[in-house]
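Trainee: Contents of protein-v3.txt (compact mmCIF, C-alpha atoms):
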# COMPACT_ATOMS: atom_id res chain seq x y z
CA MET A 13 -10.03 -4.08 36.55
CA LYS A 14 -8.30 -4.28 33.19
CA LEU A 15 -9.69 -2.73 30.06
CA HIS A 16 -8.86 -4.43 26.77
CA TRP A 17 -8.97 -2.13 23.79
CA GLN A 18 -9.37 -3.62 20.35
CA ILE A 19 -9.53 -1.50 17.25
CA SER A 20 -9.27 -2.47 13.60
CA ALA A 21 -7.45 -0.50 10.91
CA GLY A 22 -10.82 0.49 9.46
CA GLU A 23 -12.10 1.78 12.79
CA PHE A 24 -8.87 3.72 13.35
CA PHE A 25 -9.22 5.34 9.93
CA GLU A 26 -12.85 6.28 10.62
CA LEU A 27 -11.84 7.85 13.94
CA PHE A 28 -8.86 9.68 12.44
CA ARG A 29 -10.61 10.97 9.30
CA PRO A 30 -12.75 13.65 11.04
CA ALA A 31 -9.74 14.86 13.03
CA ALA A 32 -7.60 14.99 9.87
CA LEU A 33 -10.18 17.06 8.01
CA ALA A 34 -10.64 19.40 10.97
CA ILE A 35 -6.86 19.94 11.14
CA SER A 36 -6.77 20.54 7.38
CA ALA A 37 -9.55 23.12 7.75
CA LEU A 38 -7.67 24.92 10.55
CA LEU A 39 -4.41 24.90 8.57
CA SER A 40 -6.20 26.22 5.51
CA THR A 41 -7.69 29.04 7.57
CA TRP A 42 -4.28 29.88 9.01
CA VAL A 43 -2.77 29.94 5.51
CA LEU A 44 -5.53 32.30 4.33
CA ALA A 45 -4.86 34.64 7.26
CA GLY A 46 -1.12 34.63 6.61
CA ALA A 47 -1.44 35.06 2.85
CA LEU A 48 -3.79 38.02 3.28
CA ARG A 49 -1.55 39.61 5.89
CA GLN A 50 1.53 39.28 3.70
CA ARG A 51 -0.42 40.39 0.63
CA PHE A 52 0.11 37.42 -1.61
CA ARG A 53 -1.45 37.82 -5.03
CA LEU A 54 -5.10 36.78 -5.10
CA ARG A 55 -4.56 33.69 -7.25
CA TRP A 56 -1.74 32.53 -4.97
CA THR A 57 -3.84 33.19 -1.87
CA LEU A 58 -6.78 31.19 -3.22
CA GLY A 59 -4.57 28.40 -4.54
CA LEU A 60 -2.59 27.99 -1.33
CA THR A 61 -5.71 28.19 0.84
CA ALA A 62 -7.66 25.58 -1.12
CA GLY A 63 -4.59 23.43 -1.72
CA THR A 64 -3.77 23.28 1.98
CA PHE A 65 -7.23 21.93 2.73
CA PHE A 66 -7.22 19.26 0.02
CA PHE A 67 -3.49 18.41 -0.05
CA PRO A 68 -2.06 19.62 3.28
CA PHE A 69 1.11 17.49 3.21
CA ILE A 70 2.08 18.94 -0.18
CA ILE A 71 0.80 22.51 -0.25
CA PHE A 72 1.32 23.58 3.36
CA PRO A 73 5.12 23.11 3.22
CA LEU A 74 5.14 25.06 -0.06
CA TYR A 75 3.26 27.86 1.67
CA LEU A 76 5.82 27.94 4.48
CA ILE A 77 8.62 28.21 1.91
CA ALA A 78 6.80 30.99 0.04
CA ARG A 79 6.14 32.79 3.32
CA TYR A 80 9.80 32.60 4.34
CA TRP A 81 10.90 33.84 0.91
CA LYS A 82 8.45 36.75 0.97
CA SER A 83 9.34 37.72 4.55
CA ASN A 84 12.99 37.98 3.58
CA SER A 85 12.46 39.75 0.25
CA PRO A 86 13.81 43.30 -0.10
CA GLU A 87 10.36 44.72 -0.79
CA THR A 88 9.30 47.71 1.21
CA THR A 89 7.09 46.83 4.15
CA VAL A 90 3.61 48.30 3.84
CA VAL A 91 1.85 49.40 7.01
CA GLU A 92 -1.58 47.81 7.17
CA LEU A 93 -4.49 50.15 7.89
CA PRO A 94 -6.86 49.24 10.78
CA ARG A 95 -9.77 48.94 8.36
CA ARG A 96 -7.85 46.46 6.22
CA THR A 97 -6.89 44.51 9.35
CA ARG A 98 -10.54 44.22 10.42
CA MET A 99 -11.58 43.15 6.94
CA ARG A 100 -8.83 40.52 6.78
CA ARG A 101 -9.84 39.11 10.15
CA LEU A 102 -13.51 39.02 9.19
CA VAL A 103 -12.74 37.21 5.93
CA THR A 104 -10.53 34.72 7.73
CA LEU A 105 -13.06 34.14 10.51
CA GLY A 106 -15.92 33.73 8.04
CA TYR A 107 -13.91 31.28 5.96
CA GLY A 108 -12.89 29.23 8.98
CA ILE A 109 -16.41 29.01 10.41
CA THR A 110 -17.91 28.14 7.03
CA LEU A 111 -15.33 25.44 6.32
CA LEU A 112 -15.61 23.83 9.75
CA THR A 113 -19.40 23.92 9.50
CA LEU A 114 -19.32 22.18 6.12
CA VAL A 115 -16.92 19.54 7.45
CA GLY A 116 -19.08 18.94 10.51
CA THR A 117 -22.27 18.73 8.44
CA TYR A 118 -20.65 16.28 6.04
CA PHE A 119 -19.51 13.94 8.81
CA PHE A 120 -22.81 14.15 10.67
CA SER A 121 -24.68 13.20 7.49
CA ASP A 122 -22.15 10.53 6.52
CA TYR A 123 -22.15 8.95 10.00
CA ARG A 124 -25.91 8.42 9.79
CA SER A 125 -25.96 7.06 6.22
CA VAL A 126 -26.85 3.49 5.29
CA ASP A 127 -23.36 2.82 3.95
CA ALA A 128 -21.79 4.02 7.21
CA HIS A 129 -24.02 1.72 9.29
CA LEU A 130 -23.19 -1.22 7.01
CA ALA A 131 -19.47 -0.45 7.21
CA ARG A 132 -19.59 -0.34 11.01
CA ALA A 133 -21.57 -3.59 11.05
CA SER A 134 -18.89 -5.25 8.91
CA GLN A 135 -16.19 -3.99 11.26
CA ALA A 136 -18.15 -5.31 14.24
CA LYS A 137 -18.39 -8.74 12.60
CA VAL A 138 -14.63 -8.83 12.10
CA MET A 139 -14.21 -7.97 15.79
CA ASN A 140 -16.77 -10.64 16.80
CA GLN A 141 -19.07 -7.96 18.21
CA ARG A 142 -22.38 -9.48 17.16
CA ASP A 143 -24.61 -7.25 19.30
CA ARG A 144 -23.03 -4.15 17.78
CA ALA A 145 -23.42 -5.54 14.27
CA ILE A 146 -27.10 -6.24 14.92
CA ARG A 147 -27.62 -2.67 16.17
CA GLU A 148 -25.96 -1.25 13.08
CA TYR A 149 -28.04 -3.39 10.71
CA ARG A 150 -31.23 -2.34 12.48
CA ALA A 151 -30.18 1.30 12.28
CA ALA A 152 -29.57 0.86 8.53
CA LEU A 153 -33.04 -0.68 8.14
CA ASN A 154 -34.57 2.35 9.83
CA ILE A 155 -33.18 4.39 6.94
CA GLU A 156 -33.66 1.95 4.07
CA ASP A 157 -35.98 -1.06 4.04
CA SER A 158 -33.66 -3.27 2.00
CA PRO A 159 -34.15 -7.04 1.57
CA HIS A 160 -30.38 -7.46 1.51
CA ILE A 161 -30.01 -5.76 4.88
CA HIS A 162 -32.86 -7.89 6.25
CA LYS A 163 -30.88 -10.94 5.20
CA LEU A 164 -27.64 -9.67 6.77
CA LEU A 165 -29.47 -8.95 10.02
CA GLY A 166 -31.11 -12.37 9.89
CA VAL A 167 -27.71 -14.07 9.53
CA GLU A 168 -26.38 -12.32 12.64
CA LEU A 169 -29.53 -13.10 14.63
CA ALA A 170 -29.41 -16.76 13.57
CA GLU A 171 -25.77 -17.05 14.58
CA GLY A 172 -26.74 -15.57 17.92
CA SER A 173 -29.51 -18.21 18.32
CA GLN A 174 -32.25 -15.58 18.08
CA CYS A 175 -34.18 -17.79 15.71
CA GLU A 176 -37.63 -16.19 15.88
CA GLU A 177 -36.23 -12.79 14.99
CA ALA A 178 -33.93 -14.29 12.38
CA LEU A 179 -36.90 -16.00 10.73
CA ARG A 180 -38.77 -12.70 10.52
CA GLU A 181 -35.80 -11.05 8.84
CA PHE A 182 -35.35 -13.92 6.37
CA ARG A 183 -39.05 -13.79 5.49
CA ALA A 184 -38.76 -10.03 4.95
CA ALA A 185 -35.74 -10.60 2.72
CA GLU A 186 -37.66 -13.24 0.74
CA SER A 187 -40.66 -10.91 0.35
CA GLY A 188 -38.31 -8.26 -1.02
CA ASN A 189 -36.88 -10.69 -3.59
CA GLU A 190 -33.43 -10.97 -2.05
CA PRO A 191 -31.43 -12.85 -4.75
CA ASP A 192 -29.10 -14.77 -2.40
CA VAL A 193 -29.54 -18.46 -3.29
CA LEU A 194 -28.56 -19.42 0.27
CA LEU A 195 -31.62 -17.68 1.75
CA PRO A 196 -33.89 -20.79 1.66
CA TYR A 197 -31.12 -22.82 3.31
CA ARG A 198 -30.70 -20.25 6.07
CA THR A 199 -34.47 -20.09 6.54
CA GLY A 200 -34.61 -23.87 6.74
CA ARG A 201 -31.95 -23.92 9.44
CA VAL A 202 -33.79 -21.51 11.72
CA LEU A 203 -37.10 -23.29 11.11
CA GLN A 204 -35.45 -26.55 12.06
CA ALA A 205 -33.99 -24.97 15.20
CA LEU A 206 -37.51 -23.82 16.09
CA GLY A 207 -38.84 -27.36 15.67
CA ARG A 208 -40.86 -26.52 12.56
CA VAL A 209 -39.46 -29.44 10.59
CA ALA A 210 -42.14 -29.67 7.88
CA GLU A 211 -41.63 -26.00 6.96
CA ALA A 212 -37.86 -26.47 7.11
CA LYS A 213 -38.08 -29.30 4.55
CA ILE A 214 -39.94 -27.02 2.14
CA GLU A 215 -37.14 -24.46 2.38
CA TYR A 216 -34.48 -27.13 1.94
CA GLU A 217 -36.26 -28.34 -1.21
CA LYS A 218 -36.25 -24.78 -2.56
CA PHE A 219 -32.54 -24.62 -1.90
CA LEU A 220 -31.87 -27.96 -3.60
CA ALA A 221 -33.69 -26.66 -6.68
CA SER A 222 -31.52 -23.53 -6.81
CA ALA A 223 -28.46 -22.87 -8.96
CA ALA A 224 -26.18 -23.53 -5.99
CA CYS A 225 -27.12 -27.22 -6.07
CA LYS A 226 -27.40 -27.58 -9.86
CA GLN A 227 -23.84 -26.57 -10.64
CA THR A 228 -20.80 -28.87 -10.52
CA PRO A 229 -19.33 -29.05 -7.97
CA SER A 230 -22.35 -28.15 -5.87
CA ASP A 231 -22.31 -26.18 -2.64
CA ASP A 232 -21.45 -28.32 0.40
CA ARG A 233 -24.67 -27.18 2.04
CA CYS A 234 -26.67 -29.01 -0.62
CA ALA A 235 -25.65 -32.34 0.92
CA ILE A 236 -26.65 -31.07 4.36
CA ALA A 237 -30.06 -29.95 3.06
CA SER A 238 -30.63 -33.27 1.32
CA GLU A 239 -29.70 -35.18 4.45
CA GLN A 240 -32.08 -33.10 6.57
CA ILE A 241 -34.95 -33.78 4.18
CA HIS A 242 -34.46 -37.55 4.32
CA THR A 243 -33.56 -37.95 7.98
CA SER A 244 -35.69 -35.39 9.85
CA PRO A 245 -38.95 -36.92 11.12
CA ALA A 246 -42.16 -35.18 10.11
CA ARG A 247 -43.98 -33.33 12.89
Represent the structure of the file as structure tokens.
Mentor:
Amino acid sequence: MKLHWQISAGEFFELFRPAALAISALLSTWVLAGALRQRFRLRWTLGLTAGTFFFPFIIFPLYLIARYWKSNSPETTVVELPRRTRMRRLVTLGYGITLLTLVGTYFFSDYRSVDAHLARASQAKVMNQRDRAIREYRAALNIEDSPHIHKLLGVELAEGSQCEEALREFRAAESGNEPDVLLPYRTGRVLQALGRVAEAKIEYEKFLASAACKQTPSDDRCAIASEQIHTSPAR
């Protein structure tokens, strides 16, 4: 059995981002421990520690250079007292735990946000993963009852021939004053697919009266809507 893995650049970035921040947090903690052990000045310790977290590819190499220079300086080596050692380790441990906790909390919150669900739905559409896109749109609706998201979900359901559900989403989008001028056209299409031709004609007429069909040149779907009005038999 062969497994085919497909991953977009966006998905790769989303997967790599948490790992990159976690690595930055660990490097920053390591820099703090080293700077305290080698007794860097406070402003240098704070600057290198924070800089390594936010700009690891720039600041971390600078820290390594500063560490090498300080290790080979002719200054007299100072023996560290056990109490100072314990304090340094406690500060380092507390910093590391706090930073990793903040990073984890941020990603947990961000992963469950509306924008994150919409981004994953968009990625799923690019990958032709309609079921996944539908799940993400529904998850976003559980957080925010947005007419725009109702419309996006309706589009995916309609393309998947789930016309009854698509119609419910389009009606919800219409009730919420979704401004997309194509909404009546989309609603008409699913109504027609459901055999509700008279209702479909009403939606097509709304669409023909919209800005999309008043401008020059008009949307290609205007001709389709007009044709459906004049050729579909009344039921």
Trainee: Give me the residues near segment 97-108 of chain A as a count of residues only, where near means some atom within 9 Å (using only C-alpha atoms) and where sequence neighbours in that chain fewer than 4 positions away do not count.
Mentor: 13
Trainee: Can you tell me, as a ChimeraX atom specification, what residues are no more than 10 Å from segment 146-149 of chain A when counting all atoms listed in the file, ignoring any on the same chain fewer than 4 positions away?
Mentor: /A:126,128-134,136-137,141-142,153-154,161-169,172
Trainee: Between A:Ala223, A:Glu190, A:Pro229, A:Arg51, which is the closest to Arg96 of chain A once you count all atoms listed in the file?
Mentor: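 Result for the nearest residue to Arg96 of chain A: A:Arg51.
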Trainee: Which residues come within 10 Å of Ala237 of chain A, counting all atoms listed in the file, excluding same-chain residues fewer than 2 positions away, as number ranges by chain?
Mentor: A: 197, 200-201, 212-213, 215-220, 225, 232-235, 239-242
Trainee: Report, in Å with one decimal, the straight-line distance from atom CA of Asp127 of chain A to atom CA of Ile155 of chain A.
Mentor: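 Distance between the two atoms: 10.4 Å.
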Trainee: Given the choices A:Thr243, A:Gly207, A:Pro191, A:Arg53, which gets closest to Ala224 of chain A if the distance is worked out from all atoms listed in the file?
Mentor: A:Pro191
Trainee: Could you jot down the atom CA of Arg180 of chain A to atom CA of Ser222 of chain A separation for me, Å, one decimal place?
Mentor: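 A separation of 21.7 Å between them.
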Trainee: Can you work out the spacing between atom CA of Leu39 of chain A and atom CA of Leu111 of chain A in Å, to one decimal?
Mentor: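 Taking atom CA of Leu39 of chain A as the start and atom CA of Leu111 of chain A as the end point, the length is 11.2 Å.
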Trainee: When distances are computed from all atoms listed in the file, which of A:Arg95, A:Arg208, A:Arg144, A:Arg124 shows the smallest separation from Leu179 of chain A?
Mentor: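 Looking at the shortest contact to Leu179 of chain A, the residue is A:Arg208.
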